[in-house]
$ cat input.tsv   # TSV, C-alpha atoms and all ligand atoms
chain	number	residue	atom	x	y	z
M	1	MET	CA	123.68	75.04	73.33
M	2	ASN	CA	121.99	77.90	75.07
M	3	ASP	CA	118.53	77.12	76.33
M	4	MET	CA	116.59	80.41	76.38
M	5	SER	CA	113.38	78.87	77.68
M	6	ASP	CA	114.63	79.01	81.28
M	7	THR	CA	115.05	82.78	81.28
M	8	ARG	CA	111.57	83.23	79.90
M	9	ALA	CA	109.92	80.88	82.36
M	10	ASP	CA	109.86	83.13	85.40
M	11	THR	CA	110.60	86.80	84.90
M	12	THR	CA	110.50	87.39	88.66
M	13	LYS	CA	112.82	84.58	89.65
M	14	TYR	CA	115.44	86.96	91.11
M	15	TYR	CA	112.88	89.02	93.01
M	16	SER	CA	112.99	89.00	96.78
M	17	PRO	CA	109.83	87.85	98.57
M	18	LEU	CA	109.30	91.55	99.38
M	19	ALA	CA	109.46	92.63	95.74
M	20	ARG	CA	107.04	89.84	94.82
M	21	MET	CA	104.34	90.95	97.22
M	22	LEU	CA	104.51	94.69	96.48
M	23	SER	CA	101.53	96.41	94.91
M	24	PRO	CA	103.08	99.51	93.26
M	25	TYR	CA	101.14	102.75	93.03
M	26	VAL	CA	100.06	103.59	89.51
M	27	ALA	CA	100.68	107.30	88.95
M	28	GLY	CA	98.68	109.37	86.48
M	29	GLU	CA	100.13	109.33	82.98
M	30	GLN	CA	102.66	111.97	81.97
M	31	PRO	CA	102.24	112.00	78.17
M	32	GLN	CA	105.45	113.08	76.49
M	33	SER	CA	103.74	114.14	73.27
M	34	GLY	CA	102.15	117.59	73.12
M	35	GLY	CA	98.58	118.56	72.39
M	36	TRP	CA	96.97	117.20	75.54
M	37	ILE	CA	94.87	119.08	78.05
M	38	LYS	CA	96.40	117.43	81.07
M	39	LEU	CA	94.07	117.36	84.06
M	40	ASN	CA	94.99	114.02	85.61
M	41	THR	CA	97.60	114.63	88.32
M	42	ASN	CA	96.43	117.77	90.11
M	43	GLU	CA	99.33	119.89	88.90
M	44	SER	CA	98.96	123.67	88.76
M	45	PRO	CA	97.83	125.16	85.44
M	46	TYR	CA	99.99	128.21	86.23
M	47	PRO	CA	103.77	128.53	86.36
M	48	PRO	CA	105.59	128.80	89.69
M	49	SER	CA	106.57	132.16	91.19
M	50	PRO	CA	108.91	134.29	89.02
M	51	ARG	CA	111.24	134.18	92.02
M	52	VAL	CA	111.47	130.40	91.62
M	53	ILE	CA	112.52	130.77	88.03
M	54	GLU	CA	115.18	133.30	89.08
M	55	ALA	CA	116.40	130.99	91.87
M	56	VAL	CA	116.66	128.01	89.53
M	57	ARG	CA	118.55	130.13	86.98
M	58	GLY	CA	120.97	131.13	89.75
M	59	ALA	CA	121.42	127.55	90.96
M	60	VAL	CA	122.32	126.28	87.49
M	61	GLY	CA	123.96	129.55	86.37
M	62	GLU	CA	126.16	131.75	88.55
M	63	ASP	CA	126.07	129.23	91.46
M	64	ALA	CA	126.42	126.18	89.24
M	65	ALA	CA	129.98	125.45	90.43
M	66	ALA	CA	128.43	124.47	93.78
M	67	LEU	CA	126.68	121.58	92.06
M	68	ARG	CA	129.86	119.53	92.59
M	69	LEU	CA	128.98	119.57	96.30
M	70	TYR	CA	126.22	117.56	97.95
M	71	PRO	CA	123.28	119.65	99.04
M	72	ASP	CA	122.51	120.55	102.66
M	73	PRO	CA	121.13	117.22	103.95
M	74	ASP	CA	118.72	119.00	106.28
M	75	ALA	CA	117.76	121.83	103.90
M	76	ASP	CA	118.03	124.28	106.79
M	77	ALA	CA	117.36	127.46	104.78
M	78	LEU	CA	114.09	125.98	103.55
M	79	ARG	CA	113.24	124.64	107.01
M	80	ASP	CA	113.73	128.13	108.43
M	81	ALA	CA	111.44	129.70	105.84
M	82	LEU	CA	108.75	127.08	106.47
M	83	SER	CA	109.09	127.27	110.25
M	84	LYS	CA	108.45	131.01	110.04
M	85	ARG	CA	105.43	130.42	107.85
M	86	HIS	CA	103.89	127.80	110.13
M	87	GLY	CA	104.82	129.33	113.48
M	88	VAL	CA	107.12	126.49	114.56
M	89	ASN	CA	110.87	126.01	115.04
M	90	ARG	CA	113.40	124.59	112.62
M	91	GLU	CA	113.49	121.25	114.48
M	92	ASN	CA	109.78	120.87	113.78
M	93	VAL	CA	110.24	120.77	109.99
M	94	PHE	CA	111.34	117.87	107.80
M	95	ILE	CA	112.08	118.26	104.07
M	96	SER	CA	111.79	115.45	101.54
M	97	ASN	CA	111.87	114.57	97.86
M	98	GLY	CA	108.18	115.16	97.27
M	99	SER	CA	105.69	114.58	100.06
M	100	ASP	CA	105.36	110.97	98.90
M	101	GLU	CA	108.82	110.44	100.35
M	102	THR	CA	107.79	111.93	103.69
M	103	LEU	CA	104.77	109.61	103.66
M	104	ALA	CA	107.01	106.63	102.91
M	105	PHE	CA	109.40	107.53	105.72
M	106	MET	CA	106.41	108.12	107.98
M	107	PHE	CA	105.12	104.58	107.35
M	108	ALA	CA	108.57	103.18	108.10
M	109	ALA	CA	109.06	105.38	111.18
M	110	PHE	CA	105.70	104.90	112.88
M	111	PHE	CA	103.65	102.11	111.31
M	112	ALA	CA	106.06	99.38	110.14
M	113	GLY	CA	104.77	96.06	111.46
M	114	LEU	CA	101.99	97.83	113.36
M	115	ASP	CA	98.26	98.49	113.09
M	116	CYS	CA	97.01	101.69	111.49
M	117	VAL	CA	93.82	102.84	109.75
M	118	THR	CA	92.78	105.13	106.92
M	119	PRO	CA	89.50	105.90	105.13
M	120	ALA	CA	88.61	103.34	102.43
M	121	VAL	CA	88.42	106.09	99.81
M	122	GLY	CA	91.63	108.06	100.17
M	123	TYR	CA	95.08	108.51	98.70
M	124	SER	CA	95.89	105.16	97.14
M	125	PHE	CA	99.61	105.39	97.91
M	126	TYR	CA	98.97	104.59	101.60
M	127	PRO	CA	98.17	100.89	101.02
M	128	THR	CA	101.25	100.67	98.77
M	129	TYR	CA	103.53	101.99	101.51
M	130	ALA	CA	101.81	99.75	104.06
M	131	LEU	CA	102.78	96.69	102.01
M	132	LEU	CA	106.34	97.93	101.48
M	133	PHE	CA	106.90	98.46	105.20
M	134	GLY	CA	104.70	95.68	106.57
M	135	ALA	CA	102.21	98.01	108.24
M	136	LYS	CA	98.86	96.41	109.00
M	137	LEU	CA	96.73	99.12	107.40
M	138	ARG	CA	92.96	98.67	107.70
M	139	LEU	CA	90.64	100.54	105.35
M	140	ILE	CA	87.65	101.97	107.22
M	141	PRO	CA	84.43	102.17	105.14
M	142	MET	CA	83.11	105.62	104.24
M	143	ALA	CA	80.00	107.12	105.86
M	144	ASP	CA	76.54	106.97	104.27
M	145	GLY	CA	74.10	109.86	104.09
M	146	PHE	CA	74.90	113.16	102.37
M	147	ASN	CA	77.62	112.59	99.71
M	148	ALA	CA	77.10	108.86	100.38
M	149	GLY	CA	80.31	106.93	100.11
M	150	LEU	CA	82.47	110.05	99.92
M	151	ASN	CA	82.42	111.31	103.51
M	152	VAL	CA	85.00	110.06	105.97
M	153	ASP	CA	83.50	108.09	108.89
M	154	VAL	CA	85.30	109.78	111.76
M	155	GLY	CA	83.60	107.61	114.41
M	156	GLY	CA	84.52	104.48	112.48
M	157	LEU	CA	88.16	105.55	112.27
M	158	LEU	CA	88.34	106.30	116.00
M	159	ASN	CA	86.52	103.08	116.95
M	160	ALA	CA	89.23	101.10	115.18
M	161	ASN	CA	91.55	101.96	118.08
M	162	ALA	CA	94.68	102.47	115.97
M	163	PRO	CA	96.86	105.33	114.69
M	164	ILE	CA	95.25	107.17	111.78
M	165	ILE	CA	96.59	108.47	108.47
M	166	ILE	CA	94.18	110.71	106.62
M	167	ALA	CA	94.37	113.23	103.79
M	168	ASN	CA	92.57	116.47	104.66
M	169	PRO	CA	91.11	117.70	102.35
M	170	ASN	CA	90.68	114.12	101.26
M	171	ALA	CA	91.68	112.83	97.84
M	172	PRO	CA	90.11	111.90	95.54
M	173	THR	CA	86.82	112.92	97.23
M	174	THR	CA	87.79	116.66	97.48
M	175	ILE	CA	85.99	116.96	100.84
M	176	ALA	CA	87.64	118.37	103.99
M	177	LEU	CA	86.94	117.63	107.63
M	178	SER	CA	86.87	120.77	109.76
M	179	ARG	CA	89.89	121.85	111.77
M	180	GLU	CA	87.89	121.22	114.96
M	181	THR	CA	87.14	117.65	113.90
M	182	ILE	CA	90.81	116.96	113.19
M	183	LEU	CA	91.87	118.45	116.54
M	184	ASP	CA	89.19	116.42	118.36
M	185	MET	CA	90.46	113.28	116.67
M	186	ARG	CA	93.97	114.13	117.78
M	187	GLU	CA	92.82	114.57	121.36
M	188	THR	CA	91.03	111.22	121.39
M	189	LEU	CA	94.10	109.49	119.95
M	190	ALA	CA	96.42	111.24	122.42
M	191	LYS	CA	94.56	109.61	125.33
M	192	ARG	CA	95.51	106.24	123.82
M	193	SER	CA	99.05	107.33	122.85
M	194	GLN	CA	98.25	106.94	119.17
M	195	LEU	CA	99.49	109.08	116.31
M	196	LEU	CA	97.44	111.15	113.87
M	197	VAL	CA	99.05	111.87	110.51
M	198	VAL	CA	97.30	114.50	108.40
M	199	ASP	CA	98.31	114.73	104.75
M	200	GLU	CA	97.59	118.37	103.89
M	201	ALA	CA	98.68	118.20	100.25
M	202	TYR	CA	95.58	120.19	99.26
M	203	ALA	CA	95.13	122.34	102.38
M	204	PRO	CA	96.43	125.53	100.69
M	205	PHE	CA	93.15	125.45	98.72
M	206	HIS	CA	91.16	125.48	101.99
M	207	GLU	CA	93.38	126.71	104.81
M	208	ASP	CA	90.34	126.82	107.13
M	209	CYS	CA	90.69	123.08	107.67
M	210	ALA	CA	94.46	123.09	108.19
M	211	VAL	CA	96.22	122.17	111.41
M	212	ALA	CA	99.83	122.64	110.22
M	213	ASP	CA	100.33	125.96	112.00
M	214	GLY	CA	101.37	125.37	115.56
M	215	CYS	CA	100.82	121.59	115.34
M	216	ALA	CA	104.27	120.99	116.84
M	217	ARG	CA	102.95	121.56	120.35
M	218	TYR	CA	101.31	118.11	120.18
M	219	ASP	CA	103.46	115.02	120.32
M	220	ASN	CA	100.98	112.87	118.38
M	221	LEU	CA	100.18	115.05	115.35
M	222	LEU	CA	102.26	115.00	112.17
M	223	VAL	CA	101.25	117.16	109.19
M	224	VAL	CA	102.54	116.49	105.69
M	225	ARG	CA	102.57	119.12	102.93
M	226	THR	CA	103.83	119.50	99.37
M	227	PHE	CA	105.19	122.07	96.93
M	228	SER	CA	103.66	120.12	94.03
M	229	LYS	CA	100.16	121.60	93.97
M	230	ALA	CA	99.49	125.17	95.11
M	231	TYR	CA	103.16	126.16	94.72
M	232	ALA	CA	103.18	124.77	91.16
M	233	LEU	CA	106.44	122.88	91.69
M	234	ALA	CA	105.53	119.26	90.93
M	235	GLY	CA	108.55	119.06	88.63
M	236	MET	CA	110.95	119.81	91.49
M	237	ARG	CA	109.75	117.13	93.93
M	238	VAL	CA	109.76	118.84	97.30
M	239	GLY	CA	107.54	118.01	100.25
M	240	TYR	CA	107.70	118.52	103.99
M	241	ALA	CA	106.36	117.55	107.38
M	242	ILE	CA	105.60	119.70	110.40
M	243	GLY	CA	105.47	118.17	113.85
M	244	HIS	CA	106.91	117.66	117.29
M	245	SER	CA	110.72	117.36	117.20
M	246	ASP	CA	110.53	113.74	118.40
M	247	LEU	CA	108.44	112.87	115.36
M	248	ILE	CA	110.77	114.78	113.03
M	249	ASP	CA	113.77	112.96	114.56
M	250	ALA	CA	112.12	109.63	113.71
M	251	LEU	CA	111.70	110.74	110.08
M	252	CYS	CA	115.39	111.76	109.97
M	253	ARG	CA	116.37	108.33	111.34
M	254	VAL	CA	114.59	106.65	108.45
M	255	ARG	CA	115.90	109.13	105.88
M	256	ASP	CA	119.47	108.64	107.05
M	257	SER	CA	119.02	104.90	106.76
M	258	PHE	CA	117.97	105.33	103.15
M	259	ASN	CA	119.41	108.42	101.42
M	260	SER	CA	121.07	111.27	103.31
M	261	TYR	CA	120.65	113.84	100.54
M	262	PRO	CA	117.18	113.33	99.12
M	263	VAL	CA	116.56	116.94	98.04
M	264	ASP	CA	118.99	118.36	95.50
M	265	ARG	CA	120.42	121.89	95.45
M	266	VAL	CA	118.22	123.18	92.65
M	267	ALA	CA	115.06	121.84	94.27
M	268	GLN	CA	115.99	123.40	97.62
M	269	ALA	CA	116.60	126.77	95.98
M	270	ALA	CA	113.34	126.58	94.05
M	271	ALA	CA	111.25	125.59	97.07
M	272	LEU	CA	112.84	128.32	99.21
M	273	ALA	CA	111.94	130.97	96.64
M	274	ALA	CA	108.41	129.58	96.37
M	275	ALA	CA	107.94	129.52	100.15
M	276	GLU	CA	108.99	133.16	100.39
M	277	ASP	CA	106.54	134.35	97.74
M	278	VAL	CA	103.20	134.24	99.53
M	279	GLU	CA	101.60	136.69	97.04
M	280	THR	CA	102.05	134.36	94.08
M	281	LEU	CA	100.72	131.49	96.16
M	282	SER	CA	97.55	133.43	97.08
M	283	ARG	CA	97.05	134.61	93.50
M	284	THR	CA	97.36	131.06	92.14
M	285	VAL	CA	95.00	129.64	94.76
M	286	ALA	CA	92.43	132.41	94.12
M	287	ALA	CA	92.52	131.92	90.35
M	288	ILE	CA	92.13	128.14	90.66
M	289	SER	CA	89.30	128.56	93.18
M	290	ASP	CA	87.40	130.89	90.80
M	291	THR	CA	87.72	128.47	87.91
M	292	LYS	CA	86.71	125.62	90.21
M	293	ILE	CA	83.44	127.30	91.15
M	294	THR	CA	82.40	128.01	87.56
M	295	SER	CA	83.51	124.54	86.38
M	296	ARG	CA	81.52	122.81	89.11
M	297	GLN	CA	78.48	124.89	88.27
M	298	ALA	CA	78.79	123.89	84.61
M	299	LEU	CA	79.10	120.20	85.56
M	300	LEU	CA	76.00	120.43	87.76
M	301	SER	CA	74.10	122.01	84.83
M	302	LEU	CA	75.07	118.99	82.71
M	303	GLY	CA	73.50	116.71	85.33
M	304	PHE	CA	76.73	115.62	87.02
M	305	GLU	CA	76.89	114.93	90.75
M	306	CYS	CA	79.85	116.83	92.10
M	307	ALA	CA	80.60	117.56	95.76
M	308	HIS	CA	81.74	121.03	96.76
M	309	SER	CA	85.53	120.79	96.44
M	310	HIS	CA	88.12	121.98	98.96
M	311	THR	CA	90.98	121.07	96.61
M	312	ASN	CA	92.31	121.97	93.14
M	313	PHE	CA	90.24	119.27	91.47
M	314	LEU	CA	86.64	118.10	91.12
M	315	PHE	CA	85.28	114.60	91.66
M	316	ALA	CA	82.20	114.09	89.53
M	317	ARG	CA	79.98	111.38	88.10
M	318	HIS	CA	77.02	111.35	85.80
M	319	PRO	CA	74.04	109.28	87.00
M	320	ARG	CA	73.34	107.99	83.48
M	321	VAL	CA	76.78	107.54	81.89
M	322	LYS	CA	79.55	105.19	83.00
M	323	GLY	CA	82.87	106.71	84.06
M	324	ARG	CA	84.73	104.60	81.50
M	325	ILE	CA	82.67	106.08	78.62
M	326	LEU	CA	83.29	109.62	79.84
M	327	TYR	CA	87.00	108.98	80.38
M	328	ASP	CA	87.43	107.42	76.92
M	329	GLY	CA	85.40	110.17	75.28
M	330	LEU	CA	87.63	112.82	76.83
M	331	ALA	CA	90.81	110.91	75.97
M	332	ALA	CA	89.65	110.66	72.35
M	333	ARG	CA	89.52	114.47	72.42
M	334	ARG	CA	93.00	114.58	73.94
M	335	ILE	CA	91.78	115.56	77.38
M	336	LEU	CA	93.36	113.53	80.14
M	337	VAL	CA	91.56	113.15	83.50
M	338	ARG	CA	91.88	110.46	86.21
M	339	ARG	CA	89.53	107.58	86.88
M	340	PHE	CA	90.02	104.91	89.52
M	341	ASP	CA	88.90	101.40	88.68
M	342	LYS	CA	87.84	100.81	92.25
M	343	PRO	CA	84.43	99.53	93.41
M	344	GLY	CA	82.24	102.42	94.54
M	345	ILE	CA	84.13	105.19	92.75
M	346	GLU	CA	84.62	103.66	89.29
M	347	ASP	CA	82.11	106.03	87.70
M	348	TYR	CA	83.75	109.18	89.02
M	349	LEU	CA	86.15	111.35	87.09
M	350	ARG	CA	88.79	113.27	89.00
M	351	ILE	CA	89.30	116.45	87.02
M	352	THR	CA	92.17	118.78	87.94
M	353	ILE	CA	91.24	122.44	87.62
M	354	GLY	CA	93.00	123.84	84.56
M	355	THR	CA	92.98	127.33	83.08
M	356	PRO	CA	89.51	128.84	82.36
M	357	ASP	CA	90.03	128.07	78.67
M	358	GLU	CA	90.98	124.44	79.33
M	359	MET	CA	87.93	124.01	81.56
M	360	LYS	CA	85.65	125.47	78.88
M	361	ARG	CA	86.97	122.85	76.49
M	362	VAL	CA	86.39	120.09	79.06
M	363	ILE	CA	82.79	121.21	79.56
M	364	GLN	CA	82.22	121.41	75.81
M	365	ALA	CA	83.70	117.92	75.36
M	366	LEU	CA	81.52	116.48	78.14
M	367	THR	CA	78.45	118.19	76.60
M	368	ASP	CA	79.23	116.49	73.28
M	369	ILE	CA	79.89	113.09	74.87
M	370	LEU	CA	76.63	113.22	76.81
M	371	LYS	CA	74.73	114.18	73.65
M	372	GLU	CA	76.26	111.25	71.74
M	373	THR	CA	75.72	108.77	74.54
M	374	LEU	CA	72.25	109.72	75.68
M	375	SER	CA	70.63	110.40	72.28
Z	401	LIG	N1	99.22	113.34	99.18
Z	401	LIG	C1	98.14	113.39	98.39
Z	401	LIG	C2	96.79	113.33	99.00
Z	401	LIG	C3	98.30	113.51	96.99
Z	401	LIG	O1	97.23	113.53	96.19
Z	401	LIG	C4	99.61	113.58	96.46
Z	401	LIG	C5	99.82	113.73	94.97
Z	401	LIG	N2	99.66	112.57	94.24
Z	401	LIG	C6	100.69	113.50	97.33
Z	401	LIG	C7	100.47	113.40	98.69
Z	401	LIG	C8	102.11	113.45	96.87
Z	401	LIG	O2	102.54	114.61	96.29
Z	401	LIG	P1	104.09	114.91	96.05
Z	401	LIG	O3	104.86	113.63	96.24
Z	401	LIG	O4	104.15	115.42	94.67
Z	401	LIG	O5	104.46	115.92	97.07
$ encode --input "input.tsv" --output "structure tokens"
Amino acid sequence: MNDMSDTRADTTKYYSPLARMLSPYVAGEQPQSGGWIKLNTNESPYPPSPRVIEAVRGAVGEDAAALRLYPDPDADALRDALSKRHGVNRENVFISNGSDETLAFMFAAFFAGLDCVTPAVGYSFYPTYALLFGAKLRLIPMADGFNAGLNVDVGGLLNANAPIIIANPNAPTTIALSRETILDMRETLAKRSQLLVVDEAYAPFHEDCAVADGCARYDNLLVVRTFSKAYALAGMRVGYAIGHSDLIDALCRVRDSFNSYPVDRVAQAAALAAAEDVETLSRTVAAISDTKITSRQALLSLGFECAHSHTNFLFARHPRVKGRILYDGLAARRILVRRFDKPGIEDYLRITIGTPDEMKRVIQALTDILKETLS
């Protein structure tokens, strides 16, 4: 007779020790039913460049026969477009399946088994990758003072005497360190032969802080970027790194030990068209920035605390209403935002900037929730 109890006893019995100790990243929900105002994963509220749509049509239309062939493993056409844009050479650019993949390869290439540090409030995928690759990642507490708990403690990071990975502008705090601060950090780390990795996923919304252009002249600075946000291409999964060719070679070593063709033909064509259309990029960024300013103002008028944002989202809390109540109230009105159940930031909502109309509805919903809760 079959004894089913065994199979039910331990659902992880075939897992490797590695799989057992992982702590997977929990991505924002992607509801498959319609009718939601979706402001939880920092996607663009606007479509990608019309040139992208044309390029994708071509890749699956007149050029579709080429889909039988693997894509260019190095994505050279896209690397050339990006190297022009950032004032570097082709060998200074690395293309990946979303920037998360570059970050994963980066952890494997430079931090596996080694010490590294990052701000305690930052992109929560870093600790996940650290576990996967056995990096000894230490979380450095945030600074007090203005925006208490949200500002990066640069001195604290440098005092830790280890390579640094940091998002700039930071997520979910929305706050950017200045370009000078980042370059000073790099210089300090260079004296100790330590690497600085800057995740510039949101830098197109505040290029003043960016160090991507020309960063390849330093051998200890790697910059990571994405097509998912300002380029409105989250659905295509394309990211990239800019850096010294020795650093890019290390990323290629890891990629080619994992998956030689991570970026498909359609995605390469789409990203190339997006990279070449700087006008659409500027228009999208300007529109989102305008909406961001008015939305923040409206939140402040409702009594929210909300730092000035250098990204395409706001990070806000209300001093008298718990984050959970606000989140649930919005969800009940089919508005999806992000909240992190993490000590210190559990009362904040991370609200992606949507269209002006979507943001009006968010503000109206929050007005109603506050009225219900505080009356
Ligand atoms: N870095 C940061 C700081 C992010 O917020 C995100 C988006 N979740 C990413 C990287 C990854 O973006 P993608 O993989 O879509 O390029």
$ atom_distance --input "input.tsv" --atom1 "atom CA of Cys116 of chain M" --atom2 "atom CA of Leu18 of chain M"
20.0 Å
$ atom_distance --input "input.tsv" --atom1 "atom CA of Asn40 of chain M" --atom2 "atom CA of Tyr327 of chain M"
10.8 Å
$ residues_near_ligand --input "input.tsv" --ligand "ligand LIG 401 (chain Z)" --cutoff "8 Å" --atoms "all atoms listed in the file" --output "number ranges by chain"
M: 27, 41-42, 97-101, 103, 122-123, 167-172, 199-202, 224-229, 234, 237-239
$ atom_distance --input "input.tsv" --atom1 "atom CA of Ile248 of chain M" --atom2 "atom CA of Leu158 of chain M"
24.2 Å
$ residues_around --input "input.tsv" --residues "segment 145-150 of chain M" --least-positions-apart "3" --cutoff "12 Å" --atoms "all atoms listed in the file" --output "list in words"
Pro119, Ala120, Val121, Gly122, Ile140, Pro141, Met142, Asp153, Pro169, Asn170, Ala171, Pro172, Thr173, Thr174, Ile175, Ala176, Leu177, Glu305, Cys306, Ala307, His308, Ser309, Phe315, Ala316, Arg317, Pro343, Gly344, Ile345 and Tyr348 of chain M
$ closest_residue --input "input.tsv" --among "M:Arg192, M:Arg265, M:Arg217, M:Arg339" --to "Leu69 of chain M" --atoms "only C-alpha atoms"
M:Arg265
$ residues_around --input "input.tsv" --residues "Asp328 of chain M" --least-positions-apart "5" --cutoff "12 Å" --atoms "all atoms listed in the file" --output "PyMOL selection string"
chain M and resi 321-323+333-339+349+365-366+369
$ closest_residue --input "input.tsv" --among "M:Asn259, M:Ala241, M:His310, M:Pro204" --to "Ser178 of chain M" --atoms "all atoms listed in the file"
M:His310
$ closest_residue --input "input.tsv" --among "M:Leu330, M:Val117, M:Ala267, M:Val198" --to "Arg179 of chain M" --atoms "all atoms listed in the file"
M:Val198
$ closest_residue --input "input.tsv" --among "M:Gly235, M:Pro17, M:Gly35, M:Pro45" --to "Ala331 of chain M" --atoms "all atoms listed in the file"
M:Gly35
$ closest_residue --input "input.tsv" --among "M:Ala190, M:Leu272, M:Ala230, M:Leu195" --to "Pro163 of chain M" --atoms "all atoms listed in the file"
M:Leu195
$ closest_residue --input "input.tsv" --among "M:Ala109, M:Leu233, M:Ile288, M:Ala66" --to "Cys252 of chain M" --atoms "only C-alpha atoms"
M:Ala109
$ residues_around --input "input.tsv" --residues "Pro24 of chain M" --least-positions-apart "6" --cutoff "12 Å" --atoms "only C-alpha atoms" --output "list in words"
Leu18, Ser124, Phe125, Tyr126, Pro127, Thr128, Tyr129, Ala130, Leu131 and Leu132 of chain M
$ decode --input "input.tsv" --residues "segment 3-59 of chain M" --atoms "C-alpha atoms" --output "JSON list (two decimals), in the first residue's frame"
[["chain", "number", "residue", "atom", "x", "y", "z"],
["M", 3, "ASP", "CA", 1.94, 5.56, 2.30],
["M", 4, "MET", "CA", 1.35, 9.21, 1.36],
["M", 5, "SER", "CA", 2.29, 10.58, 4.76],
["M", 6, "ASP", "CA", 6.01, 10.46, 3.91],
["M", 7, "THR", "CA", 5.68, 12.83, 0.96],
["M", 8, "ARG", "CA", 3.74, 15.29, 3.06],
["M", 9, "ALA", "CA", 6.15, 15.22, 5.98],
["M", 10, "ASP", "CA", 8.89, 17.39, 4.55],
["M", 11, "THR", "CA", 8.14, 19.37, 1.42],
["M", 12, "THR", "CA", 11.75, 20.54, 1.21],
["M", 13, "LYS", "CA", 13.38, 17.14, 1.58],
["M", 14, "TYR", "CA", 14.96, 17.28, -1.90],
["M", 15, "TYR", "CA", 16.22, 20.84, -1.46],
["M", 16, "SER", "CA", 19.95, 21.43, -1.39],
["M", 17, "PRO", "CA", 21.35, 23.12, 1.72],
["M", 18, "LEU", "CA", 21.68, 26.24, -0.47],
["M", 19, "ALA", "CA", 18.01, 26.22, -1.49],
["M", 20, "ARG", "CA", 17.02, 25.75, 2.16],
["M", 21, "MET", "CA", 18.85, 28.83, 3.38],
["M", 22, "LEU", "CA", 17.76, 31.21, 0.61],
["M", 23, "SER", "CA", 15.58, 34.18, 1.45],
["M", 24, "PRO", "CA", 13.87, 35.00, -1.89],
["M", 25, "TYR", "CA", 13.02, 38.56, -2.80],
["M", 26, "VAL", "CA", 9.30, 39.26, -2.76],
["M", 27, "ALA", "CA", 8.46, 41.33, -5.84],
["M", 28, "GLY", "CA", 5.51, 43.71, -5.97],
["M", 29, "GLU", "CA", 2.30, 42.05, -7.09],
["M", 30, "GLN", "CA", 1.42, 41.98, -10.78],
["M", 31, "PRO", "CA", -2.38, 41.61, -10.64],
["M", 32, "GLN", "CA", -3.65, 39.85, -13.74],
["M", 33, "SER", "CA", -7.18, 41.18, -13.39],
["M", 34, "GLY", "CA", -7.93, 44.67, -14.70],
["M", 35, "GLY", "CA", -9.31, 47.68, -12.88],
["M", 36, "TRP", "CA", -6.31, 48.40, -10.66],
["M", 37, "ILE", "CA", -4.36, 51.62, -10.40],
["M", 38, "LYS", "CA", -0.99, 49.96, -10.22],
["M", 39, "LEU", "CA", 1.60, 52.06, -8.41],
["M", 40, "ASN", "CA", 3.61, 49.36, -6.65],
["M", 41, "THR", "CA", 6.61, 48.48, -8.84],
["M", 42, "ASN", "CA", 7.87, 51.83, -10.15],
["M", 43, "GLU", "CA", 6.90, 51.10, -13.74],
["M", 44, "SER", "CA", 6.31, 53.98, -16.14],
["M", 45, "PRO", "CA", 2.72, 55.20, -16.52],
["M", 46, "TYR", "CA", 3.51, 56.00, -20.17],
["M", 47, "PRO", "CA", 4.19, 53.65, -23.07],
["M", 48, "PRO", "CA", 7.72, 53.19, -24.42],
["M", 49, "SER", "CA", 8.99, 55.15, -27.43],
["M", 50, "PRO", "CA", 7.00, 54.64, -30.67],
["M", 51, "ARG", "CA", 10.31, 53.50, -32.14],
["M", 52, "VAL", "CA", 10.34, 50.63, -29.65],
["M", 53, "ILE", "CA", 6.94, 49.51, -30.79],
["M", 54, "GLU", "CA", 8.12, 49.64, -34.41],
["M", 55, "ALA", "CA", 11.29, 47.69, -33.56],
["M", 56, "VAL", "CA", 9.34, 44.99, -31.73],
["M", 57, "ARG", "CA", 6.90, 44.72, -34.66],
["M", 58, "GLY", "CA", 9.89, 44.26, -36.97],
["M", 59, "ALA", "CA", 11.52, 41.65, -34.73]]
